[in-house]
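Participant: I have a structure I would like to understand better, so I am pasting it below and will then ask my questions one at a time.
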Amino acid sequence: MLKVGVFGTGHLGKFHLNNWKEIKSAKVVGFYDPDDAIANDVIEKYQIERYPNPESLIATCDIADIIAPTNFHFELCEKAIRQGKHIFVEKPLANTMHEARELVKLVKESKIKLQVGHVERFNPAFLAVASMSLYPMFIEVHRLAQFNPRGTEVSVILDLMIHDIDIILSIVKSEVKNIAASGVAVMTETPDIANVRIEFNNGCVANLTSSRISMKKMRKMRLFQKDAYIGIDFLNKKTEIIKLKTSSEEDNFSFDLDTINGKKTISIIQPQVPEVNAIKLELEKFCESIIDDTIPVVSELDGYRAMDIAHQILQKIKHNTINT
Ligand SMILES: NC(=O)c1ccc[n+]([C@@H]2O[C@H](COP(=O)([O-])OP(=O)(O)OC[C@H]3O[C@@H](n4cnc5c(N)ncnc54)[C@H](O)[C@@H]3O)[C@@H](O)[C@H]2O)c1
């Protein structure tokens with residue numbers, strides 16, 4: 001049984017506590033949170049031990065589950081790695097690129113596993129197409145959220161867009177060639193809304209819009225590739241594929257279209273979306289990677305790459321703002 005220490009029991013930390021209860025290969029041994037009111041509430045609701053400092057909890061656990069604010073990720077991760085403890089750390093991996101680089105180096109020199117909380121990789125709508133051959137040449141993404149002060153200590157790029165950056169980097173197997181970006185700090189001191197165009201060496205272009213000042217929520221990714229359109233609705237957990245019909249393939253609906261090359265039959269396929277809890281699944285998969293000694297689904301390198309692109313985007317936005 002893997003012993004889990006939970007660091008940070010705020011909004012997301014409580015979701016983790018609930019999910020750890022359901023995971024058979026692990027058990028929470030205690031938590032550390034410096035906020036007395038939050039900690040007392042956790043003791044009452046979960047009846048788990050509060051540790052007086054991070055060091056004593058790290059000494060007791062096998063897995064440090066870090067859900068503290070991002071500016072504490074590095075120091076908590078560093079302490080845990082130096083004690084040889086596995087780490088699940090929320091996204092983004094760290095606060096700065098220097099910290100992220102240092103963590104990648106420390107993990108490489110150690111024998112520990114580290115997974116980053118890019119939970120959308122476990123979203124059932126994405127899992128529904130994960131086994132498909134994805135080679136998009138154009139990607140359109142909208143991730144729109146209503147304003148909530150939680151998370152606004154960082155820009156919308158590091159708060160929301162980083163989820164889509166990670167998903168795109170996991171799909172497009174090519175290096176980034178160019179980034180163009182613009183963003184506006186409407187409600188806070190950092191960009192609250194941004195539009196970004198990422199060009200890859202293989203010709204793929206991803207156009208991402210993220211906002212945390214919208215009236216309506218949306219989390220949609222649309223992939224266009226040679227033979228298909230794939231729509232992934234992360235919010236409503238729905239996936240749709242529209243493609244030229246092949247005789248062998250089962251579809252939900254089809255219709256004919258007249259084209260200059262004659263009549264074509266178009267298939268609409270709504271793949272089975274698995275009924276999974278994404279947070280539970282990401283924690284379970286992390287435990288499996290420790291037990292089976294395999295690379296975690298979202299490794300420290302994945303976390304680093306997503307941060308690297310996010311920081312390049314922020315540099316572009318800063319440059320454009322200075323020059324206007
Ligand atoms: N994967 C996702 O979709 C997702 C969603 C929300 C938040 N997050 C990430 O999770 C982290 C926490 O976000 P949240 O919304 O739960 O924030 P929150 O403010 O609700 O909770 C943070 C908690 O950490 C505690 N804390 C402060 N300093 C600490 C320290 N040094 N050690 C341990 N705990 C400490 C605070 O007292 C608080 O209880 C952030 O890194 C955020 O980016 C990820």
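FYI, nothing fancy with the structure tokens labels: chains A, B, ... in order, residues from 1 per chain, ligands from 1 as they appear.
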When DSSP is applied to the backbone of this structure, which of stretch 100-269 of chain A are assigned strand (DSSP E or B)? Write them out as a PDB file with N, CA and C atoms, in the first residue's frame.

Facilitator:
```
ATOM      1  N   LEU A 114       7.602  11.227 -11.157  1.00  0.00           N
ATOM      2  CA  LEU A 114       6.875  12.487 -10.962  1.00  0.00           C
ATOM      3  C   LEU A 114       5.820  12.603 -12.050  1.00  0.00           C
ATOM      4  N   GLN A 115       4.600  12.870 -11.624  1.00  0.00           N
ATOM      5  CA  GLN A 115       3.509  13.126 -12.593  1.00  0.00           C
ATOM      6  C   GLN A 115       2.960  14.525 -12.348  1.00  0.00           C
ATOM      7  N   VAL A 116       2.643  15.229 -13.451  1.00  0.00           N
ATOM      8  CA  VAL A 116       2.080  16.583 -13.353  1.00  0.00           C
ATOM      9  C   VAL A 116       0.562  16.487 -13.582  1.00  0.00           C
ATOM     10  N   PHE A 138      -4.649  21.251 -38.516  1.00  0.00           N
ATOM     11  CA  PHE A 138      -5.202  22.509 -37.995  1.00  0.00           C
ATOM     12  C   PHE A 138      -5.985  22.193 -36.719  1.00  0.00           C
ATOM     13  N   ILE A 139      -5.724  22.971 -35.701  1.00  0.00           N
ATOM     14  CA  ILE A 139      -6.391  22.750 -34.405  1.00  0.00           C
ATOM     15  C   ILE A 139      -6.966  24.085 -33.939  1.00  0.00           C
ATOM     16  N   GLU A 140      -8.225  24.037 -33.543  1.00  0.00           N
ATOM     17  CA  GLU A 140      -8.886  25.261 -33.048  1.00  0.00           C
ATOM     18  C   GLU A 140      -9.352  24.966 -31.622  1.00  0.00           C
ATOM     19  N   VAL A 141      -8.971  25.807 -30.673  1.00  0.00           N
ATOM     20  CA  VAL A 141      -9.337  25.531 -29.275  1.00  0.00           C
ATOM     21  C   VAL A 141      -9.967  26.748 -28.614  1.00  0.00           C
ATOM     22  N   HIS A 142     -11.051  26.497 -27.890  1.00  0.00           N
ATOM     23  CA  HIS A 142     -11.655  27.556 -27.066  1.00  0.00           C
ATOM     24  C   HIS A 142     -11.781  27.043 -25.646  1.00  0.00           C
ATOM     25  N   ARG A 143     -11.159  27.716 -24.723  1.00  0.00           N
ATOM     26  CA  ARG A 143     -11.301  27.373 -23.304  1.00  0.00           C
ATOM     27  C   ARG A 143     -11.725  28.669 -22.598  1.00  0.00           C
ATOM     28  N   LEU A 144     -12.997  28.772 -22.321  1.00  0.00           N
ATOM     29  CA  LEU A 144     -13.556  30.006 -21.768  1.00  0.00           C
ATOM     30  C   LEU A 144     -14.152  29.727 -20.391  1.00  0.00           C
ATOM     31  N   VAL A 176       7.903  22.906 -32.259  1.00  0.00           N
ATOM     32  CA  VAL A 176       7.249  24.200 -32.489  1.00  0.00           C
ATOM     33  C   VAL A 176       8.182  25.086 -33.311  1.00  0.00           C
ATOM     34  N   LYS A 177       7.641  25.680 -34.397  1.00  0.00           N
ATOM     35  CA  LYS A 177       8.458  26.531 -35.275  1.00  0.00           C
ATOM     36  C   LYS A 177       8.285  28.009 -34.932  1.00  0.00           C
ATOM     37  N   ASN A 178       7.045  28.378 -34.662  1.00  0.00           N
ATOM     38  CA  ASN A 178       6.789  29.809 -34.433  1.00  0.00           C
ATOM     39  C   ASN A 178       5.561  30.001 -33.549  1.00  0.00           C
ATOM     40  N   ILE A 179       5.607  31.068 -32.750  1.00  0.00           N
ATOM     41  CA  ILE A 179       4.455  31.389 -31.892  1.00  0.00           C
ATOM     42  C   ILE A 179       4.092  32.856 -32.090  1.00  0.00           C
ATOM     43  N   ALA A 180       2.802  33.122 -32.306  1.00  0.00           N
ATOM     44  CA  ALA A 180       2.320  34.506 -32.326  1.00  0.00           C
ATOM     45  C   ALA A 180       1.234  34.597 -31.256  1.00  0.00           C
ATOM     46  N   ALA A 181       1.246  35.674 -30.490  1.00  0.00           N
ATOM     47  CA  ALA A 181       0.285  35.726 -29.384  1.00  0.00           C
ATOM     48  C   ALA A 181      -0.134  37.152 -29.082  1.00  0.00           C
ATOM     49  N   SER A 182      -1.362  37.274 -28.625  1.00  0.00           N
ATOM     50  CA  SER A 182      -1.773  38.567 -28.076  1.00  0.00           C
ATOM     51  C   SER A 182      -2.701  38.315 -26.897  1.00  0.00           C
ATOM     52  N   GLY A 183      -2.598  39.161 -25.902  1.00  0.00           N
ATOM     53  CA  GLY A 183      -3.389  38.951 -24.692  1.00  0.00           C
ATOM     54  C   GLY A 183      -3.665  40.267 -24.003  1.00  0.00           C
ATOM     55  N   VAL A 184      -4.722  40.285 -23.210  1.00  0.00           N
ATOM     56  CA  VAL A 184      -5.104  41.524 -22.529  1.00  0.00           C
ATOM     57  C   VAL A 184      -5.378  41.253 -21.044  1.00  0.00           C
ATOM     58  N   ILE A 193      -7.298  37.194 -21.016  1.00  0.00           N
ATOM     59  CA  ILE A 193      -7.806  36.634 -22.274  1.00  0.00           C
ATOM     60  C   ILE A 193      -6.650  36.659 -23.272  1.00  0.00           C
ATOM     61  N   ALA A 194      -6.541  35.594 -24.048  1.00  0.00           N
ATOM     62  CA  ALA A 194      -5.414  35.533 -24.992  1.00  0.00           C
ATOM     63  C   ALA A 194      -5.770  34.705 -26.201  1.00  0.00           C
ATOM     64  N   ASN A 195      -5.161  35.081 -27.322  1.00  0.00           N
ATOM     65  CA  ASN A 195      -5.273  34.277 -28.537  1.00  0.00           C
ATOM     66  C   ASN A 195      -3.856  33.985 -29.017  1.00  0.00           C
ATOM     67  N   VAL A 196      -3.630  32.715 -29.350  1.00  0.00           N
ATOM     68  CA  VAL A 196      -2.272  32.268 -29.668  1.00  0.00           C
ATOM     69  C   VAL A 196      -2.305  31.392 -30.912  1.00  0.00           C
ATOM     70  N   ARG A 197      -1.297  31.586 -31.761  1.00  0.00           N
ATOM     71  CA  ARG A 197      -1.153  30.722 -32.934  1.00  0.00           C
ATOM     72  C   ARG A 197       0.198  30.025 -32.821  1.00  0.00           C
ATOM     73  N   ILE A 198       0.156  28.705 -32.776  1.00  0.00           N
ATOM     74  CA  ILE A 198       1.403  27.932 -32.687  1.00  0.00           C
ATOM     75  C   ILE A 198       1.583  27.193 -34.012  1.00  0.00           C
ATOM     76  N   GLU A 199       2.731  27.425 -34.656  1.00  0.00           N
ATOM     77  CA  GLU A 199       3.033  26.711 -35.907  1.00  0.00           C
ATOM     78  C   GLU A 199       4.083  25.644 -35.621  1.00  0.00           C
ATOM     79  N   PHE A 200       3.843  24.457 -36.154  1.00  0.00           N
ATOM     80  CA  PHE A 200       4.786  23.358 -35.952  1.00  0.00           C
ATOM     81  C   PHE A 200       5.597  23.120 -37.234  1.00  0.00           C
ATOM     82  N   VAL A 205      -0.958  23.867 -37.593  1.00  0.00           N
ATOM     83  CA  VAL A 205      -1.175  25.169 -36.942  1.00  0.00           C
ATOM     84  C   VAL A 205      -2.245  24.997 -35.865  1.00  0.00           C
ATOM     85  N   ALA A 206      -1.941  25.471 -34.653  1.00  0.00           N
ATOM     86  CA  ALA A 206      -2.932  25.427 -33.572  1.00  0.00           C
ATOM     87  C   ALA A 206      -3.299  26.854 -33.199  1.00  0.00           C
ATOM     88  N   ASN A 207      -4.599  27.092 -33.173  1.00  0.00           N
ATOM     89  CA  ASN A 207      -5.092  28.427 -32.827  1.00  0.00           C
ATOM     90  C   ASN A 207      -5.858  28.311 -31.507  1.00  0.00           C
ATOM     91  N   LEU A 208      -5.323  28.913 -30.449  1.00  0.00           N
ATOM     92  CA  LEU A 208      -5.911  28.727 -29.112  1.00  0.00           C
ATOM     93  C   LEU A 208      -6.463  30.043 -28.582  1.00  0.00           C
ATOM     94  N   THR A 209      -7.679  29.991 -28.053  1.00  0.00           N
ATOM     95  CA  THR A 209      -8.232  31.153 -27.360  1.00  0.00           C
ATOM     96  C   THR A 209      -8.572  30.718 -25.941  1.00  0.00           C
ATOM     97  N   SER A 210      -8.067  31.456 -24.967  1.00  0.00           N
ATOM     98  CA  SER A 210      -8.405  31.177 -23.565  1.00  0.00           C
ATOM     99  C   SER A 210      -8.872  32.455 -22.910  1.00  0.00           C
ATOM    100  N   SER A 211      -9.906  32.313 -22.100  1.00  0.00           N
ATOM    101  CA  SER A 211     -10.423  33.481 -21.385  1.00  0.00           C
ATOM    102  C   SER A 211     -10.920  33.059 -20.007  1.00  0.00           C
ATOM    103  N   MET A 218     -16.800  27.265 -21.852  1.00  0.00           N
ATOM    104  CA  MET A 218     -16.600  26.398 -23.023  1.00  0.00           C
ATOM    105  C   MET A 218     -15.212  25.780 -22.936  1.00  0.00           C
ATOM    106  N   ARG A 219     -15.104  24.499 -23.264  1.00  0.00           N
ATOM    107  CA  ARG A 219     -13.782  23.852 -23.317  1.00  0.00           C
ATOM    108  C   ARG A 219     -13.805  22.916 -24.513  1.00  0.00           C
ATOM    109  N   LYS A 220     -13.549  23.469 -25.692  1.00  0.00           N
ATOM    110  CA  LYS A 220     -13.678  22.682 -26.926  1.00  0.00           C
ATOM    111  C   LYS A 220     -12.394  22.689 -27.737  1.00  0.00           C
ATOM    112  N   MET A 221     -12.059  21.517 -28.264  1.00  0.00           N
ATOM    113  CA  MET A 221     -10.910  21.416 -29.172  1.00  0.00           C
ATOM    114  C   MET A 221     -11.409  20.767 -30.455  1.00  0.00           C
ATOM    115  N   ARG A 222     -11.054  21.376 -31.585  1.00  0.00           N
ATOM    116  CA  ARG A 222     -11.457  20.823 -32.887  1.00  0.00           C
ATOM    117  C   ARG A 222     -10.202  20.502 -33.673  1.00  0.00           C
ATOM    118  N   LEU A 223     -10.098  19.248 -34.097  1.00  0.00           N
ATOM    119  CA  LEU A 223      -8.915  18.810 -34.840  1.00  0.00           C
ATOM    120  C   LEU A 223      -9.331  18.533 -36.276  1.00  0.00           C
ATOM    121  N   PHE A 224      -8.574  19.053 -37.235  1.00  0.00           N
ATOM    122  CA  PHE A 224      -8.842  18.790 -38.654  1.00  0.00           C
ATOM    123  C   PHE A 224      -7.647  18.048 -39.231  1.00  0.00           C
ATOM    124  N   GLN A 225      -7.883  16.883 -39.804  1.00  0.00           N
ATOM    125  CA  GLN A 225      -6.805  16.139 -40.443  1.00  0.00           C
ATOM    126  C   GLN A 225      -7.255  15.598 -41.790  1.00  0.00           C
ATOM    127  N   ALA A 228     -10.499  13.559 -41.660  1.00  0.00           N
ATOM    128  CA  ALA A 228     -11.527  13.672 -40.608  1.00  0.00           C
ATOM    129  C   ALA A 228     -11.500  15.002 -39.855  1.00  0.00           C
ATOM    130  N   TYR A 229     -12.654  15.283 -39.274  1.00  0.00           N
ATOM    131  CA  TYR A 229     -12.786  16.357 -38.269  1.00  0.00           C
ATOM    132  C   TYR A 229     -13.080  15.660 -36.948  1.00  0.00           C
ATOM    133  N   ILE A 230     -12.374  16.048 -35.886  1.00  0.00           N
ATOM    134  CA  ILE A 230     -12.612  15.441 -34.573  1.00  0.00           C
ATOM    135  C   ILE A 230     -12.916  16.573 -33.590  1.00  0.00           C
ATOM    136  N   GLY A 231     -14.090  16.532 -33.012  1.00  0.00           N
ATOM    137  CA  GLY A 231     -14.477  17.557 -32.045  1.00  0.00           C
ATOM    138  C   GLY A 231     -14.466  16.963 -30.638  1.00  0.00           C
ATOM    139  N   ILE A 232     -13.730  17.623 -29.737  1.00  0.00           N
ATOM    140  CA  ILE A 232     -13.646  17.121 -28.356  1.00  0.00           C
ATOM    141  C   ILE A 232     -14.210  18.191 -27.430  1.00  0.00           C
ATOM    142  N   ASP A 233     -15.286  17.846 -26.750  1.00  0.00           N
ATOM    143  CA  ASP A 233     -15.914  18.787 -25.823  1.00  0.00           C
ATOM    144  C   ASP A 233     -15.550  18.354 -24.404  1.00  0.00           C
ATOM    145  N   LYS A 238     -18.161  15.077 -24.495  1.00  0.00           N
ATOM    146  CA  LYS A 238     -18.711  14.521 -25.738  1.00  0.00           C
ATOM    147  C   LYS A 238     -17.646  14.587 -26.824  1.00  0.00           C
ATOM    148  N   THR A 239     -17.678  13.596 -27.705  1.00  0.00           N
ATOM    149  CA  THR A 239     -16.721  13.580 -28.798  1.00  0.00           C
ATOM    150  C   THR A 239     -17.459  13.255 -30.086  1.00  0.00           C
ATOM    151  N   GLU A 240     -17.051  13.903 -31.166  1.00  0.00           N
ATOM    152  CA  GLU A 240     -17.718  13.654 -32.446  1.00  0.00           C
ATOM    153  C   GLU A 240     -16.672  13.582 -33.557  1.00  0.00           C
ATOM    154  N   ILE A 241     -16.844  12.613 -34.435  1.00  0.00           N
ATOM    155  CA  ILE A 241     -15.921  12.486 -35.570  1.00  0.00           C
ATOM    156  C   ILE A 241     -16.760  12.575 -36.839  1.00  0.00           C
ATOM    157  N   ILE A 242     -16.338  13.423 -37.760  1.00  0.00           N
ATOM    158  CA  ILE A 242     -17.023  13.511 -39.056  1.00  0.00           C
ATOM    159  C   ILE A 242     -15.982  13.201 -40.125  1.00  0.00           C
ATOM    160  N   LYS A 243     -16.251  12.183 -40.944  1.00  0.00           N
ATOM    161  CA  LYS A 243     -15.229  11.776 -41.912  1.00  0.00           C
ATOM    162  C   LYS A 243     -15.855  11.140 -43.142  1.00  0.00           C
ATOM    163  N   LEU A 244     -15.037  10.971 -44.166  1.00  0.00           N
ATOM    164  CA  LEU A 244     -15.506  10.261 -45.356  1.00  0.00           C
ATOM    165  C   LEU A 244     -15.779   8.819 -44.969  1.00  0.00           C
ATOM    166  N   PHE A 253     -24.592   7.963 -38.046  1.00  0.00           N
ATOM    167  CA  PHE A 253     -25.425   8.671 -39.006  1.00  0.00           C
ATOM    168  C   PHE A 253     -24.570   8.928 -40.242  1.00  0.00           C
ATOM    169  N   SER A 254     -25.181   8.903 -41.430  1.00  0.00           N
ATOM    170  CA  SER A 254     -24.389   9.273 -42.614  1.00  0.00           C
ATOM    171  C   SER A 254     -25.275  10.008 -43.609  1.00  0.00           C
ATOM    172  N   PHE A 255     -24.645  10.805 -44.475  1.00  0.00           N
ATOM    173  CA  PHE A 255     -25.402  11.525 -45.502  1.00  0.00           C
ATOM    174  C   PHE A 255     -24.512  11.705 -46.733  1.00  0.00           C
ATOM    175  N   ASP A 256     -25.157  11.916 -47.880  1.00  0.00           N
ATOM    176  CA  ASP A 256     -24.403  12.080 -49.133  1.00  0.00           C
ATOM    177  C   ASP A 256     -24.188  13.556 -49.436  1.00  0.00           C
ATOM    178  N   LEU A 257     -23.052  13.810 -50.063  1.00  0.00           N
ATOM    179  CA  LEU A 257     -22.698  15.189 -50.418  1.00  0.00           C
ATOM    180  C   LEU A 257     -22.229  15.185 -51.870  1.00  0.00           C
ATOM    181  N   ASP A 258     -22.746  16.113 -52.681  1.00  0.00           N
ATOM    182  CA  ASP A 258     -22.248  16.207 -54.059  1.00  0.00           C
ATOM    183  C   ASP A 258     -20.983  17.048 -54.072  1.00  0.00           C
ATOM    184  N   THR A 259     -19.906  16.511 -54.641  1.00  0.00           N
ATOM    185  CA  THR A 259     -18.660  17.288 -54.737  1.00  0.00           C
ATOM    186  C   THR A 259     -18.225  17.291 -56.202  1.00  0.00           C
ATOM    187  N   GLY A 262     -17.713  13.954 -57.578  1.00  0.00           N
ATOM    188  CA  GLY A 262     -18.841  13.012 -57.489  1.00  0.00           C
ATOM    189  C   GLY A 262     -19.414  12.972 -56.083  1.00  0.00           C
ATOM    190  N   LYS A 263     -20.324  11.998 -55.891  1.00  0.00           N
ATOM    191  CA  LYS A 263     -21.027  11.891 -54.615  1.00  0.00           C
ATOM    192  C   LYS A 263     -20.113  11.295 -53.545  1.00  0.00           C
ATOM    193  N   LYS A 264     -20.086  11.895 -52.387  1.00  0.00           N
ATOM    194  CA  LYS A 264     -19.285  11.337 -51.276  1.00  0.00           C
ATOM    195  C   LYS A 264     -20.236  11.069 -50.114  1.00  0.00           C
ATOM    196  N   THR A 265     -19.964   9.996 -49.387  1.00  0.00           N
ATOM    197  CA  THR A 265     -20.785   9.727 -48.200  1.00  0.00           C
ATOM    198  C   THR A 265     -19.989  10.139 -46.959  1.00  0.00           C
ATOM    199  N   ILE A 266     -20.660  10.920 -46.148  1.00  0.00           N
ATOM    200  CA  ILE A 266     -20.022  11.440 -44.931  1.00  0.00           C
ATOM    201  C   ILE A 266     -20.586  10.688 -43.724  1.00  0.00           C
ATOM    202  N   SER A 267     -19.688  10.225 -42.865  1.00  0.00           N
ATOM    203  CA  SER A 267     -20.099   9.513 -41.647  1.00  0.00           C
ATOM    204  C   SER A 267     -19.990  10.429 -40.442  1.00  0.00           C
ATOM    205  N   ILE A 268     -20.962  10.318 -39.568  1.00  0.00           N
ATOM    206  CA  ILE A 268     -20.852  11.002 -38.276  1.00  0.00           C
ATOM    207  C   ILE A 268     -20.765   9.918 -37.213  1.00  0.00           C
ATOM    208  N   ILE A 269     -19.687   9.964 -36.450  1.00  0.00           N
ATOM    209  CA  ILE A 269     -19.451   8.923 -35.442  1.00  0.00           C
ATOM    210  C   ILE A 269     -19.373   9.590 -34.072  1.00  0.00           C
TER     211      ILE A 269
END
```

Participant: Give as an mmCIF file with C-alpha atoms, in the first residue's frame the residues surrounding ligand 1 up to a distance of 8 Å, considering only C-alpha atoms and all ligand atoms.

Facilitator:
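Saved to pocket-v5.cif:
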```
data_model
loop_
_atom_site.group_PDB
_atom_site.id
_atom_site.type_symbol
_atom_site.label_atom_id
_atom_site.label_comp_id
_atom_site.auth_asym_id
_atom_site.auth_seq_id
_atom_site.Cartn_x
_atom_site.Cartn_y
_atom_site.Cartn_z
ATOM 1 C CA PHE A 7 0.323 19.077 0.680
ATOM 2 C CA GLY A 8 -2.341 21.773 0.336
ATOM 3 C CA THR A 9 -5.971 21.015 1.122
ATOM 4 C CA GLY A 10 -7.721 23.988 -0.482
ATOM 5 C CA HIS A 11 -10.211 23.758 -3.347
ATOM 6 C CA LEU A 12 -8.515 21.066 -5.455
ATOM 7 C CA GLY A 13 -6.800 19.388 -2.493
ATOM 8 C CA LYS A 14 -10.207 18.302 -1.163
ATOM 9 C CA TYR A 32 0.143 19.600 5.624
ATOM 10 C CA ASP A 33 -1.614 22.951 5.193
ATOM 11 C CA PRO A 34 -0.419 26.123 6.951
ATOM 12 C CA ASP A 35 -3.935 27.574 7.153
ATOM 13 C CA ILE A 38 -8.691 24.998 6.399
ATOM 14 C CA ALA A 39 -6.724 22.385 8.353
ATOM 15 C CA PRO A 54 6.269 19.557 5.248
ATOM 16 C CA ILE A 66 1.369 18.581 -3.978
ATOM 17 C CA ILE A 67 -1.715 20.769 -4.452
ATOM 18 C CA ALA A 68 -0.313 23.897 -2.829
ATOM 19 C CA PRO A 69 -0.241 27.231 -4.725
ATOM 20 C CA THR A 70 2.177 27.101 -7.678
ATOM 21 C CA ASN A 71 4.827 29.290 -6.012
ATOM 22 C CA PHE A 72 5.371 26.502 -3.436
ATOM 23 C CA HIS A 73 5.619 23.633 -5.951
ATOM 24 C CA LEU A 76 8.012 21.078 -1.820
ATOM 25 C CA VAL A 89 2.316 17.810 -8.466
ATOM 26 C CA GLU A 90 -0.479 19.974 -9.775
ATOM 27 C CA LYS A 91 -0.048 21.976 -12.955
ATOM 28 C CA PRO A 92 1.877 24.076 -13.757
ATOM 29 C CA LEU A 93 4.953 22.055 -12.740
ATOM 30 C CA GLY A 117 -1.660 17.204 -12.861
ATOM 31 C CA HIS A 118 -2.586 17.876 -16.504
ATOM 32 C CA VAL A 119 -5.926 16.278 -15.770
ATOM 33 C CA GLU A 120 -7.459 16.893 -19.223
ATOM 34 C CA ARG A 150 -8.943 31.691 -7.459
ATOM 35 C CA GLY A 151 -6.006 31.010 -9.766
ATOM 36 C CA LEU A 158 -0.547 29.298 -16.998
ATOM 37 C CA ASP A 159 -3.970 28.869 -15.402
ATOM 38 C CA LEU A 160 -6.109 27.564 -18.326
ATOM 39 C CA HIS A 163 -4.113 22.380 -20.354
#
```

Participant: Report the distance between atom CA of A:Tyr51 and atom CA of A:Glu22 in Å, rounded to one decimal place.

Facilitator: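 Interatomic distance here is 22.4 Å.
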
Participant: Given only C-alpha atoms as the basis, pick out the residue of A:Ala145, A:Ile168, A:Glu153, A:Leu17 nearest to A:Ser214.

Facilitator: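 With only C-alpha atoms as the atom set, the closest residue is A:Ala145.
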
Participant: Using only C-alpha atoms, find the one residue out of A:Asn148, A:Asn18, A:Thr60, A:Ser25 that sits nearest to A:Val42.

Facilitator: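 Ranked by minimum distance to A:Val42, first place goes to A:Asn18.
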
Participant: Could you give me, as a PyMOL selection string, the residues within 9 Å of A:Ala100, counting only C-alpha atoms and dropping anything in the same chain fewer than 3 positions from it?

Facilitator: chain A and resi 74+93-97+103-105+300+303-304+307-308

Participant: Generate the output file for the selected residues, N, CA and C atoms, as a compact mmCIF listing (two decimals), in the first residue's frame.

Facilitator:
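Written out: again.txt:
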```txt
# COMPACT_ATOMS: atom_id res chain seq x y z
N PHE A 74 7.96 24.23 -6.27
CA PHE A 74 9.39 23.88 -6.37
C PHE A 74 9.96 23.44 -5.03
N LEU A 93 3.90 22.74 -13.48
CA LEU A 93 4.95 22.05 -12.74
C LEU A 93 5.63 22.98 -11.72
N ALA A 94 5.95 24.20 -12.12
CA ALA A 94 6.64 25.14 -11.21
C ALA A 94 6.28 26.56 -11.60
N ASN A 95 6.86 27.49 -10.85
CA ASN A 95 6.52 28.89 -11.06
C ASN A 95 7.35 29.52 -12.18
N THR A 96 8.63 29.12 -12.26
CA THR A 96 9.52 29.72 -13.26
C THR A 96 10.18 28.61 -14.09
N MET A 97 10.72 28.99 -15.25
CA MET A 97 11.41 28.02 -16.10
C MET A 97 12.67 27.51 -15.40
N LEU A 103 13.92 21.03 -11.54
CA LEU A 103 13.15 19.83 -11.14
C LEU A 103 13.39 18.68 -12.11
N VAL A 104 13.42 19.00 -13.42
CA VAL A 104 13.68 17.94 -14.42
C VAL A 104 15.03 17.29 -14.13
N LYS A 105 16.02 18.12 -13.80
CA LYS A 105 17.38 17.63 -13.52
C LYS A 105 17.37 16.75 -12.26
N GLU A 300 7.51 14.65 -15.84
CA GLU A 300 8.09 15.97 -15.57
C GLU A 300 8.50 16.64 -16.88
N GLY A 303 5.45 18.18 -18.35
CA GLY A 303 5.14 19.39 -17.59
C GLY A 303 6.07 20.53 -17.97
N TYR A 304 7.34 20.19 -18.18
CA TYR A 304 8.34 21.19 -18.56
C TYR A 304 8.03 21.77 -19.95
N MET A 307 5.14 24.11 -19.92
CA MET A 307 5.53 25.39 -19.31
C MET A 307 6.40 26.22 -20.25
N ASP A 308 7.29 25.53 -20.97
CA ASP A 308 8.19 26.22 -21.89
C ASP A 308 7.38 26.98 -22.94
```

Participant: Please determine, counting only C-alpha atoms, which residue among A:Pro191, A:Pro136, A:Pro296, A:Gly203 has the shortest atom-to-atom distance to A:Ile112.

Facilitator: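 For A:Ile112, the nearest of the given residues is A:Pro296.
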